[in-house]
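For reference, query19.cif is printed below; it contains mmCIF, C-alpha atoms and all ligand atoms.
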data_input
#
loop_
_atom_site.label_atom_id
_atom_site.label_comp_id
_atom_site.auth_asym_id
_atom_site.auth_seq_id
_atom_site.Cartn_x
_atom_site.Cartn_y
_atom_site.Cartn_z
CA MET H 262 9.41 12.60 4.56
CA SER H 263 8.84 13.94 1.12
CA ARG H 264 5.57 13.61 -0.73
CA VAL H 265 5.32 13.58 -4.51
CA TYR H 266 2.79 15.29 -6.74
CA ASN H 267 0.66 12.30 -7.65
CA PHE H 268 -1.32 12.66 -10.91
CA SER H 269 -2.82 9.15 -10.75
CA ALA H 270 -6.32 8.65 -12.16
CA GLY H 271 -7.21 6.45 -9.21
CA PRO H 272 -6.59 5.50 -6.50
CA ALA H 273 -5.50 9.09 -6.27
CA MET H 274 -4.27 11.83 -3.98
CA LEU H 275 -6.13 12.48 -0.75
CA PRO H 276 -5.98 15.79 1.14
CA GLU H 277 -2.91 15.80 3.39
CA GLU H 278 -5.00 17.12 6.26
CA VAL H 279 -7.28 14.08 6.02
CA LEU H 280 -4.31 11.70 6.11
CA LYS H 281 -2.92 13.47 9.16
CA THR H 282 -6.24 13.25 10.98
CA ALA H 283 -6.51 9.55 10.13
CA ALA H 284 -2.95 9.01 11.40
CA ALA H 285 -3.66 10.85 14.66
CA GLU H 286 -6.85 8.84 15.20
CA MET H 287 -5.33 5.50 14.19
CA LEU H 288 -4.80 3.94 17.62
CA ASP H 289 -7.63 5.57 19.50
CA TYR H 290 -10.61 6.95 17.62
CA HIS H 291 -12.25 9.67 19.74
CA GLY H 292 -11.53 7.98 23.06
CA SER H 293 -12.94 4.61 22.03
CA GLY H 294 -9.56 2.94 22.59
CA GLN H 295 -9.73 1.34 19.11
CA SER H 296 -9.01 2.22 15.51
CA VAL H 297 -11.92 2.49 13.10
CA MET H 298 -10.57 -0.66 11.41
CA GLU H 299 -11.14 -2.68 14.56
CA MET H 300 -14.54 -1.58 15.78
CA SER H 301 -17.87 -3.33 15.25
CA HIS H 302 -19.93 -1.89 12.43
CA ARG H 303 -22.90 -2.28 14.82
CA SER H 304 -21.30 -0.14 17.54
CA ALA H 305 -22.62 3.27 18.52
CA VAL H 306 -19.28 4.82 17.61
CA PHE H 307 -19.37 3.53 14.01
CA GLU H 308 -23.05 4.43 13.83
CA GLY H 309 -21.92 8.00 14.51
CA ILE H 310 -19.34 7.85 11.70
CA ILE H 311 -21.70 6.61 8.98
CA THR H 312 -24.56 8.89 10.08
CA GLN H 313 -22.31 11.95 9.99
CA ALA H 314 -20.82 10.94 6.62
CA GLU H 315 -24.27 10.65 5.11
CA ALA H 316 -25.41 13.96 6.58
CA ASP H 317 -22.31 15.70 5.23
CA ILE H 318 -22.55 14.41 1.67
CA ARG H 319 -26.25 15.32 1.67
CA GLU H 320 -25.33 18.83 2.72
CA LEU H 321 -22.50 19.15 0.18
CA LEU H 322 -24.68 18.05 -2.76
CA SER H 323 -28.01 19.42 -1.42
CA VAL H 324 -29.46 15.93 -1.84
CA PRO H 325 -33.29 16.21 -1.76
CA ASP H 326 -35.23 14.23 0.88
CA ASN H 327 -36.69 11.85 -1.71
CA TYR H 328 -33.22 10.49 -2.53
CA LYS H 329 -31.29 7.86 -0.57
CA VAL H 330 -27.51 7.74 -0.19
CA LEU H 331 -26.07 4.21 -0.26
CA PHE H 332 -22.53 3.06 0.55
CA MET H 333 -21.94 -0.14 -1.44
CA GLN H 334 -18.96 -2.44 -1.93
CA GLY H 335 -17.75 -3.77 -5.25
CA GLY H 336 -16.62 -0.54 -6.84
CA GLY H 337 -17.63 0.83 -10.21
CA ASN H 338 -17.76 -2.43 -12.08
CA GLN H 339 -20.34 -3.83 -9.69
CA GLN H 340 -22.62 -0.89 -10.44
CA PHE H 341 -22.43 -1.78 -14.15
CA ALA H 342 -24.46 -4.90 -13.21
CA ALA H 343 -26.48 -3.44 -10.34
CA VAL H 344 -28.06 -0.75 -12.53
CA PRO H 345 -29.69 -3.08 -15.10
CA LEU H 346 -30.55 -5.70 -12.45
CA ASN H 347 -32.45 -3.15 -10.36
CA LEU H 348 -33.85 -0.92 -13.08
CA MET H 349 -34.72 -3.04 -16.11
CA ARG H 350 -38.44 -3.70 -16.06
CA ASN H 351 -39.16 -3.62 -19.81
CA GLY H 352 -35.77 -5.18 -20.37
CA VAL H 353 -34.50 -2.27 -22.49
CA ALA H 354 -31.96 0.46 -21.81
CA ASP H 355 -30.29 3.22 -23.84
CA TYR H 356 -26.55 3.81 -23.47
CA ILE H 357 -24.35 6.63 -24.73
CA LEU H 358 -20.81 5.52 -25.53
CA THR H 359 -18.17 8.07 -24.60
CA GLY H 360 -15.32 5.77 -23.62
CA GLN H 361 -14.18 2.55 -22.00
CA TRP H 362 -16.27 2.80 -18.84
CA ALA H 363 -19.50 3.45 -20.72
CA LYS H 364 -18.64 0.59 -23.06
CA LYS H 365 -18.03 -1.80 -20.17
CA ALA H 366 -21.29 -0.72 -18.54
CA ALA H 367 -23.21 -1.36 -21.76
CA LYS H 368 -21.57 -4.73 -22.22
CA GLU H 369 -22.52 -5.79 -18.71
CA ALA H 370 -26.12 -4.60 -19.19
CA GLU H 371 -26.42 -6.71 -22.34
CA LYS H 372 -26.43 -9.78 -20.07
CA TYR H 373 -29.74 -8.69 -18.62
CA GLY H 374 -31.65 -7.09 -21.48
CA LYS H 375 -31.62 -5.21 -24.75
CA VAL H 376 -29.11 -2.39 -24.97
CA ASN H 377 -29.44 0.39 -27.55
CA ILE H 378 -26.44 2.58 -28.29
CA ILE H 379 -28.18 5.89 -28.96
CA ALA H 380 -25.06 8.05 -29.39
CA SER H 381 -21.31 7.49 -29.51
CA SER H 382 -18.06 9.34 -29.99
CA ALA H 383 -16.10 6.22 -30.96
CA ASP H 384 -15.58 7.66 -34.48
CA LYS H 385 -12.96 10.13 -33.14
CA THR H 386 -11.43 7.99 -30.37
CA PHE H 387 -13.82 9.44 -27.80
CA SER H 388 -12.25 12.90 -27.99
CA TYR H 389 -15.60 14.69 -27.65
CA ILE H 390 -19.08 14.38 -26.14
CA PRO H 391 -21.73 13.76 -28.81
CA ASP H 392 -24.68 16.09 -29.32
CA CYS H 393 -27.38 14.78 -26.95
CA SER H 394 -30.10 17.35 -27.59
CA ASP H 395 -32.31 15.10 -29.75
CA LEU H 396 -31.53 11.47 -29.05
CA PRO H 397 -33.41 8.48 -30.54
CA VAL H 398 -34.61 7.42 -27.06
CA ASP H 399 -36.46 4.07 -27.14
CA PRO H 400 -40.03 4.54 -25.85
CA MET H 401 -39.55 1.24 -23.98
CA ALA H 402 -36.23 2.21 -22.38
CA ASP H 403 -36.14 1.82 -18.62
CA TYR H 404 -33.34 4.38 -18.36
CA VAL H 405 -30.70 6.33 -20.28
CA TYR H 406 -27.13 5.72 -19.10
CA ILE H 407 -24.10 8.00 -19.32
CA CYS H 408 -20.57 8.14 -17.97
CA GLU H 409 -20.46 11.83 -17.06
CA ASN H 410 -16.70 12.31 -16.86
CA ASN H 411 -14.54 10.02 -18.96
CA THR H 412 -11.48 9.32 -16.87
CA ILE H 413 -9.44 7.77 -19.67
CA TYR H 414 -10.24 10.14 -22.55
CA GLY H 415 -10.58 13.33 -20.50
CA THR H 416 -14.02 14.41 -21.67
CA LYS H 417 -17.01 15.59 -19.66
CA TYR H 418 -20.65 16.37 -20.36
CA HIS H 419 -21.04 20.10 -19.89
CA GLN H 420 -24.75 19.67 -20.45
CA LEU H 421 -26.75 16.59 -19.49
CA PRO H 422 -28.55 14.72 -22.30
CA ASP H 423 -32.22 15.33 -23.02
CA THR H 424 -33.57 11.89 -22.04
CA LYS H 425 -37.10 12.74 -23.19
CA GLY H 426 -38.55 11.99 -19.79
CA LYS H 427 -36.63 8.77 -19.16
CA THR H 428 -34.67 8.16 -15.97
CA LEU H 429 -31.09 9.36 -16.25
CA VAL H 430 -28.40 7.13 -14.69
CA ALA H 431 -24.91 8.58 -14.47
CA ASP H 432 -21.53 7.18 -13.52
CA VAL H 433 -19.87 10.20 -11.89
CA SER H 434 -16.86 8.32 -10.47
CA SER H 435 -14.20 10.72 -11.72
CA CYS H 436 -16.07 14.01 -11.23
CA PHE H 437 -17.83 13.16 -7.97
CA LEU H 438 -17.79 16.17 -5.60
CA SER H 439 -15.60 18.18 -7.98
CA GLU H 440 -18.55 20.55 -8.31
CA LYS H 441 -22.26 20.48 -7.49
CA HIS H 442 -24.54 18.07 -9.32
CA ASP H 443 -28.17 18.99 -9.77
CA VAL H 444 -29.29 15.74 -8.12
CA GLU H 445 -32.94 16.13 -9.18
CA LYS H 446 -31.98 15.71 -12.83
CA TYR H 447 -30.87 12.12 -12.17
CA GLY H 448 -32.66 8.93 -11.17
CA ILE H 449 -29.31 7.57 -9.99
CA LEU H 450 -25.88 9.08 -9.82
CA TRP H 451 -23.18 6.86 -8.52
CA GLY H 452 -19.42 7.02 -8.13
CA GLY H 453 -16.60 4.73 -7.12
CA VAL H 454 -14.92 6.72 -4.37
CA GLN H 455 -11.27 5.99 -5.20
CA LYS H 456 -11.02 8.74 -7.82
CA ASN H 457 -12.01 11.94 -6.07
CA VAL H 458 -13.46 11.01 -2.69
CA GLY H 459 -11.59 8.38 -0.69
CA PRO H 460 -9.67 5.10 -0.69
CA ALA H 461 -10.84 2.19 -2.86
CA GLY H 462 -13.52 -0.14 -1.56
CA CYS H 463 -16.82 1.65 -1.92
CA ALA H 464 -19.24 3.16 -4.41
CA ILE H 465 -21.68 5.82 -3.30
CA VAL H 466 -25.09 5.56 -4.95
CA ILE H 467 -27.57 8.44 -4.78
CA ILE H 468 -30.93 7.10 -5.85
CA ARG H 469 -34.48 8.49 -6.10
CA ASP H 470 -36.99 6.73 -3.81
CA ASP H 471 -39.32 5.48 -6.55
CA LEU H 472 -36.46 3.43 -8.06
CA LEU H 473 -36.14 1.37 -4.86
CA ARG H 474 -38.46 -1.48 -5.73
CA GLU H 475 -39.16 -5.05 -4.71
CA ASP H 476 -40.13 -6.30 -8.18
CA ILE H 477 -36.60 -6.35 -9.58
CA ASN H 478 -34.81 -9.10 -11.48
CA PRO H 479 -35.14 -12.09 -9.09
CA MET H 480 -31.56 -13.13 -9.90
CA THR H 481 -30.19 -9.92 -8.35
CA PRO H 482 -27.64 -10.81 -5.66
CA VAL H 483 -28.71 -9.38 -2.33
CA MET H 484 -25.45 -7.40 -2.22
CA MET H 485 -26.51 -5.49 -5.34
CA ASN H 486 -30.10 -4.89 -4.28
CA TYR H 487 -30.60 -1.14 -3.87
CA LYS H 488 -33.76 -1.50 -1.79
CA VAL H 489 -32.20 -3.96 0.65
CA THR H 490 -29.19 -1.64 0.97
CA ALA H 491 -31.43 1.38 1.57
CA ASP H 492 -33.72 -0.44 4.04
CA ASN H 493 -30.64 -1.44 6.04
CA ARG H 494 -28.97 1.99 5.82
CA SER H 495 -25.96 0.43 4.06
CA LEU H 496 -25.46 -1.94 7.00
CA TYR H 497 -27.02 -5.13 5.64
CA ASN H 498 -23.63 -6.79 6.01
CA THR H 499 -20.25 -5.47 7.15
CA PRO H 500 -19.67 -2.34 5.08
CA PRO H 501 -16.20 -1.03 4.11
CA CYS H 502 -15.97 0.74 7.47
CA TYR H 503 -12.55 2.33 7.11
CA THR H 504 -13.26 3.62 3.59
CA ILE H 505 -16.52 5.17 4.78
CA TYR H 506 -14.67 6.81 7.66
CA ILE H 507 -12.05 8.36 5.33
CA CYS H 508 -14.79 9.51 2.92
CA GLY H 509 -16.41 11.18 5.94
CA LEU H 510 -13.16 13.00 6.74
CA VAL H 511 -12.98 14.15 3.10
CA PHE H 512 -16.56 15.48 3.34
CA GLN H 513 -15.56 17.44 6.45
CA TRP H 514 -12.53 18.80 4.61
CA LEU H 515 -14.68 19.83 1.64
CA LYS H 516 -17.07 21.67 3.95
CA LYS H 517 -14.15 23.43 5.62
CA MET H 518 -12.73 24.43 2.23
CA GLY H 519 -15.99 26.21 1.41
CA GLY H 520 -18.09 23.47 -0.18
CA LEU H 521 -18.50 22.40 -3.78
CA ASP H 522 -18.94 25.84 -5.36
CA GLU H 523 -15.51 26.73 -4.02
CA MET H 524 -14.08 23.39 -5.21
CA LYS H 525 -15.47 24.09 -8.68
CA ARG H 526 -13.80 27.51 -8.70
CA ARG H 527 -10.48 25.97 -7.70
CA ASN H 528 -10.81 23.10 -10.17
CA GLU H 529 -11.58 25.50 -13.02
CA GLU H 530 -8.56 27.59 -12.11
CA LYS H 531 -6.26 24.56 -12.02
CA ALA H 532 -7.57 23.12 -15.29
CA ALA H 533 -7.38 26.48 -17.08
CA LEU H 534 -3.71 26.82 -16.18
CA LEU H 535 -2.91 23.45 -17.72
CA TYR H 536 -5.14 23.75 -20.81
CA ASN H 537 -3.91 27.28 -21.55
CA TYR H 538 -0.36 26.04 -21.55
CA LEU H 539 -1.23 22.99 -23.71
CA ASP H 540 -3.00 25.25 -26.22
CA SER H 541 -0.02 27.60 -26.45
CA SER H 542 2.76 24.98 -26.41
CA ALA H 543 4.56 23.99 -29.61
CA MET H 544 5.44 20.59 -28.12
CA PHE H 545 2.49 19.41 -26.02
CA SER H 546 -1.15 19.37 -27.05
CA SER H 547 -4.49 18.37 -25.59
CA THR H 548 -6.23 15.40 -27.22
CA VAL H 549 -9.74 16.66 -26.41
CA GLU H 550 -12.05 19.09 -28.22
CA PRO H 551 -12.22 22.35 -26.25
CA GLY H 552 -15.99 22.17 -25.59
CA SER H 553 -15.80 18.68 -24.07
CA ARG H 554 -12.81 18.97 -21.75
CA SER H 555 -12.77 17.49 -18.27
CA LEU H 556 -11.71 19.51 -15.24
CA MET H 557 -10.35 16.36 -13.61
CA ASN H 558 -8.46 14.27 -16.19
CA VAL H 559 -6.25 15.98 -18.74
CA PRO H 560 -4.68 13.74 -21.41
CA PHE H 561 -1.97 15.25 -23.60
CA VAL H 562 0.67 14.16 -26.12
CA THR H 563 3.82 15.40 -27.82
CA GLY H 564 3.00 13.46 -30.99
CA ASN H 565 6.25 11.48 -30.60
CA LYS H 566 6.23 8.25 -28.57
CA ASP H 567 9.92 8.43 -27.62
CA LEU H 568 9.58 12.00 -26.45
CA ASP H 569 6.47 11.03 -24.42
CA ALA H 570 8.47 8.27 -22.75
CA GLU H 571 11.38 10.58 -21.99
CA PHE H 572 9.02 13.18 -20.56
CA ILE H 573 7.37 10.64 -18.26
CA LYS H 574 10.75 9.38 -17.09
CA LYS H 575 12.13 12.85 -16.35
CA ALA H 576 8.89 13.93 -14.69
CA THR H 577 8.93 10.89 -12.40
CA GLU H 578 12.52 11.63 -11.40
CA SER H 579 11.44 15.16 -10.50
CA GLY H 580 8.56 14.05 -8.26
CA PHE H 581 5.63 14.26 -10.72
CA VAL H 582 4.36 10.68 -10.69
CA ASN H 583 1.72 8.59 -12.48
CA LEU H 584 1.60 10.84 -15.56
CA LYS H 585 1.57 7.93 -18.02
CA GLY H 586 -1.59 7.88 -20.12
CA HIS H 587 -3.98 4.93 -20.06
CA ARG H 588 -2.61 1.93 -21.93
CA THR H 589 -5.34 2.26 -24.58
CA VAL H 590 -4.57 5.93 -25.33
CA GLY H 591 -0.83 6.38 -24.78
CA GLY H 592 0.81 9.75 -24.17
CA MET H 593 0.31 11.40 -20.82
CA ARG H 594 -2.58 12.13 -18.49
CA ALA H 595 -2.62 14.45 -15.52
CA SER H 596 -5.48 13.75 -13.12
CA ILE H 597 -6.02 16.88 -11.08
CA TYR H 598 -8.71 15.96 -8.58
CA ASN H 599 -9.85 18.04 -5.59
CA ALA H 600 -6.84 17.05 -3.47
CA MET H 601 -4.27 18.24 -6.06
CA PRO H 602 -3.23 21.69 -4.89
CA MET H 603 -2.82 24.63 -7.28
CA GLU H 604 0.93 24.55 -6.52
CA GLY H 605 1.09 21.01 -7.95
CA VAL H 606 -0.38 22.11 -11.28
CA LYS H 607 1.79 25.25 -11.35
CA ALA H 608 4.90 23.16 -10.70
CA LEU H 609 3.92 20.69 -13.44
CA VAL H 610 3.40 23.47 -16.00
CA GLU H 611 6.78 25.00 -15.09
CA PHE H 612 8.39 21.58 -15.47
CA MET H 613 6.75 21.13 -18.89
CA LYS H 614 7.93 24.58 -20.01
CA ASP H 615 11.50 23.73 -19.01
CA PHE H 616 11.29 20.37 -20.78
CA GLU H 617 9.97 22.06 -23.90
CA ALA H 618 12.74 24.67 -23.83
CA ALA H 619 15.40 21.97 -23.44
CA HIS H 620 14.20 19.96 -26.45
C1 LIG Y 701 -12.37 3.89 -12.42
C2 LIG Y 701 -13.71 4.01 -13.02
C3 LIG Y 701 -14.61 2.92 -13.01
C4 LIG Y 701 -14.24 1.55 -12.48
O1 LIG Y 701 -14.19 1.53 -11.12
P1 LIG Y 701 -13.77 0.21 -10.30
O2 LIG Y 701 -14.09 0.61 -8.89
O3 LIG Y 701 -12.31 -0.04 -10.53
O4 LIG Y 701 -14.61 -0.92 -10.77
C5 LIG Y 701 -15.86 3.12 -13.56
N1 LIG Y 701 -16.22 4.31 -14.07
C6 LIG Y 701 -15.38 5.36 -14.12
C7 LIG Y 701 -15.83 6.66 -14.71
C8 LIG Y 701 -14.10 5.25 -13.59
O5 LIG Y 701 -13.26 6.29 -13.64
#
Show me, as structure tokens, the structure contained in the file I just sent.
Amino acid sequence: MSRVYNFSAGPAMLPEEVLKTAAAEMLDYHGSGQSVMEMSHRSAVFEGIITQAEADIRELLSVPDNYKVLFMQGGGNQQFAAVPLNLMRNGVADYILTGQWAKKAAKEAEKYGKVNIIASSADKTFSYIPDCSDLPVDPMADYVYICENNTIYGTKYHQLPDTKGKTLVADVSSCFLSEKHDVEKYGILWGGVQKNVGPAGCAIVIIRDDLLREDINPMTPVMMNYKVTADNRSLYNTPPCYTIYICGLVFQWLKKMGGLDEMKRRNEEKAALLYNYLDSSAMFSSTVEPGSRSLMNVPFVTGNKDLDAEFIKKATESGFVNLKGHRTVGGMRASIYNAMPMEGVKALVEFMKDFEAAH
């Protein structure tokens, strides 16, 4: 068996230890005589899995008691609709455009109400996070929406926007559990788990109690209703049981590794290694302004399409896979989530140095 260094933006690498545990427990989970894929979601044994998973993510993020943790199906795109359906009361929301995922979220919200774009970095192909210290927040806005880490463009908010008292909603899909979030600053933070947390099939929504209301848009499908999901402890219908189980194993792994402060330290170390090389290289360069750079997704280019293609080909042959940039950006992108070890980034940088020397 030989495993590659996988730089995919998502689905992405999972910790090897987690995969080994899942393999060992595949046929007989903790003496139940069944795999987690086969057991009833109403059984005591699955009850234990989801209860432990919730307790562990609460501990990792120090989630306050007045917030609920929901495990929902439908991924990120479903949350683009769930947010306006559950939160629009005045029928107005403010969105900040920092890339494709924020744009898609805004477009979906437009189906349900008025959407104001109160800041954008579209003028420079989303290569920076706009100044959000004095935004033209609509007094009627039900919430202000951001995409905190922009998976495709490789930018991240290093400071949250001043929402002037309005509820902040953040898509944290690609920075989820990469470091601590100050949960109290958000009304909702949600993430699709397939970037940094687990296999595809689930979004985790952390939501403040007062936003769980009955008087929501009556057209809201029951599967997108936050209150129904919370009242049923994410077990209104059959949840993505196996995904929740793997997420739970990842939470255990994160705790064992020293928690999210330690993950942040590691992630900063990994990212610094790559950015320092990009900033010193005569061939490769980062596409993102230094003050807005993501710790998780690192796009870079040579400035020459043919050379980019050759680099990707050679890298793949050498066991560095999924380095091709998003189809809308081109070039390369290295996603270096929690599960990417330091050795993987070191090996990539060495490979890039050799490639540079040979060309
Ligand atoms: C991948 C991604 C999404 C979309 O998630 P799906 O589960 O594929 O719908 C949304 N937001 C961000 C930031 C992402 O990285």
List every residue of chain H that has an atom at most 6 Å from any atom of ligand LIG 701 (chain Y), and for each one report the closest atom pair and its distance in Å to one decimal, counting all atoms listed in the file, with rows sorted by chain and then by increasing residue number, as CSV.
residue,atom,partner,partner_atom,distance
H:Gly336,CA,Y:LIG701,O2,3.5
H:Gly337,CA,Y:LIG701,O4,3.5
H:Asn338,CA,Y:LIG701,O4,3.7
H:Trp362,CA,Y:LIG701,N1,5.0
H:Cys408,CA,Y:LIG701,C7,5.9
H:Asn411,CA,Y:LIG701,C7,5.6
H:Thr412,CA,Y:LIG701,O5,4.8
H:Asp432,CA,Y:LIG701,C7,5.8
H:Ser434,CA,Y:LIG701,C7,4.7
H:Ser435,CA,Y:LIG701,O5,4.9
H:Gly453,CA,Y:LIG701,O2,5.1
Segment 309-323 of chain H surroundings by only C-alpha atoms, 9 Å radius, close-in-sequence under 2 positions cut, as JSON, numbers by chain: {"H": [304, 305, 306, 307, 325, 330, 331, 438, 440, 441, 442, 443, 444, 495, 502, 505, 506, 508, 509, 510, 512, 513, 515, 516, 520, 521]}
Take the residues that were just selected and, keeping C-alpha atoms, output them as an mmCIF file, in the frame of the given file.
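What ended up in selection.cif:
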data_model
loop_
_atom_site.group_PDB
_atom_site.id
_atom_site.type_symbol
_atom_site.label_atom_id
_atom_site.label_comp_id
_atom_site.auth_asym_id
_atom_site.auth_seq_id
_atom_site.Cartn_x
_atom_site.Cartn_y
_atom_site.Cartn_z
ATOM 1 C CA SER H 304 -21.300 -0.140 17.540
ATOM 2 C CA ALA H 305 -22.620 3.270 18.520
ATOM 3 C CA VAL H 306 -19.280 4.820 17.610
ATOM 4 C CA PHE H 307 -19.370 3.530 14.010
ATOM 5 C CA PRO H 325 -33.290 16.210 -1.760
ATOM 6 C CA VAL H 330 -27.510 7.740 -0.190
ATOM 7 C CA LEU H 331 -26.070 4.210 -0.260
ATOM 8 C CA LEU H 438 -17.790 16.170 -5.600
ATOM 9 C CA GLU H 440 -18.550 20.550 -8.310
ATOM 10 C CA LYS H 441 -22.260 20.480 -7.490
ATOM 11 C CA HIS H 442 -24.540 18.070 -9.320
ATOM 12 C CA ASP H 443 -28.170 18.990 -9.770
ATOM 13 C CA VAL H 444 -29.290 15.740 -8.120
ATOM 14 C CA SER H 495 -25.960 0.430 4.060
ATOM 15 C CA CYS H 502 -15.970 0.740 7.470
ATOM 16 C CA ILE H 505 -16.520 5.170 4.780
ATOM 17 C CA TYR H 506 -14.670 6.810 7.660
ATOM 18 C CA CYS H 508 -14.790 9.510 2.920
ATOM 19 C CA GLY H 509 -16.410 11.180 5.940
ATOM 20 C CA LEU H 510 -13.160 13.000 6.740
ATOM 21 C CA PHE H 512 -16.560 15.480 3.340
ATOM 22 C CA GLN H 513 -15.560 17.440 6.450
ATOM 23 C CA LEU H 515 -14.680 19.830 1.640
ATOM 24 C CA LYS H 516 -17.070 21.670 3.950
ATOM 25 C CA GLY H 520 -18.090 23.470 -0.180
ATOM 26 C CA LEU H 521 -18.500 22.400 -3.780
#
Contacts of segment 569-577 of chain H within 10 Å, all atoms listed in the file, excl. fewer than 5 positions in-chain, as a PyMOL selection string: chain H and resi 265-267+545+561-564+582-586+591-593+609+612-613+616-617
Just write the chosen residues, C-alpha atoms, as a CSV table (one decimal), in the frame of the given file.
chain,number,residue,atom,x,y,z
H,265,VAL,CA,5.3,13.6,-4.5
H,266,TYR,CA,2.8,15.3,-6.7
H,267,ASN,CA,0.7,12.3,-7.6
H,545,PHE,CA,2.5,19.4,-26.0
H,561,PHE,CA,-2.0,15.2,-23.6
H,562,VAL,CA,0.7,14.2,-26.1
H,563,THR,CA,3.8,15.4,-27.8
H,564,GLY,CA,3.0,13.5,-31.0
H,582,VAL,CA,4.4,10.7,-10.7
H,583,ASN,CA,1.7,8.6,-12.5
H,584,LEU,CA,1.6,10.8,-15.6
H,585,LYS,CA,1.6,7.9,-18.0
H,586,GLY,CA,-1.6,7.9,-20.1
H,591,GLY,CA,-0.8,6.4,-24.8
H,592,GLY,CA,0.8,9.8,-24.2
H,593,MET,CA,0.3,11.4,-20.8
H,609,LEU,CA,3.9,20.7,-13.4
H,612,PHE,CA,8.4,21.6,-15.5
H,613,MET,CA,6.8,21.1,-18.9
H,616,PHE,CA,11.3,20.4,-20.8
H,617,GLU,CA,10.0,22.1,-23.9
For Leu275 of chain H: contacts at 9 Å, all atoms listed in the file, fewer than 6 positions along chain excluded, given as a PyMOL selection string: chain H and resi 457-460+511+598-601
Between atom CA of His302 of chain H and atom CA of Pro501 of chain H, distance in Å (one decimal): 9.2 Å
Nearest-residue call for Glu277 of chain H, choices H:Trp514, H:Asp567, H:Tyr414, H:Lys525, using all atoms listed in the file: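 Selected residue with least distance to Glu277 of chain H: H:Trp514.
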Point-to-point distance in Å for atom CA of Ser394 of chain H and atom CA of Val324 of chain H: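 Rounded to one decimal, the two atoms are 25.8 Å apart.
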Counting all atoms listed in the file, the residue of H:Pro500, H:Gly374, H:Pro560, H:Asn528 that sits nearest Met603 of chain H: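 Nearest to Met603 of chain H: H:Asn528.
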Atom CA of Phe437 of chain H to atom CA of Thr386 of chain H, straight-line distance in Å: 23.9 Å
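With only C-alpha atoms as the atoms that count, the residue of H:Leu358, H:Val454, H:Met518, H:Met333 with the shortest distance to Ser388 of chain H is H:Leu358.
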Residue nearest Thr359 of chain H - candidates H:Asn410, H:Gln420, H:Asn478, H:Asn327, atoms counted: only C-alpha atoms: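 Smallest separation from Thr359 of chain H among the options: H:Asn410.
In this comparison, which uses all atoms listed in the file, the residue of H:Glu604, H:Gly335, H:Arg526, H:Arg594 approaching Ala461 of chain H most closely is H:Gly335.
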Determine the axis-aligned bounding box of all atoms of segment 316-325 of chain H present in the file, pad each side by 8 Å, and express its centre and edge lengths in Å to one decimal place as AutoDock Vina command-line options.
--center_x -27.8 --center_y 16.7 --center_z 1.9 --size_x 27.0 --size_y 21.5 --size_z 25.3
Selected residue, from H:Asn347, H:Ser596, H:Tyr536, H:Gly294, that lies nearest to Lys488 of chain H when counting all atoms listed in the file: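 The closest residue to Lys488 of chain H is H:Asn347.
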Shell around Pro551 of chain H at 12 Å using all atoms listed in the file, local window under 5 positions removed, as a VMD selection string: chain H and resid 388 to 390 415 to 419 532 to 533 536 to 537 539 to 540 546 556 559
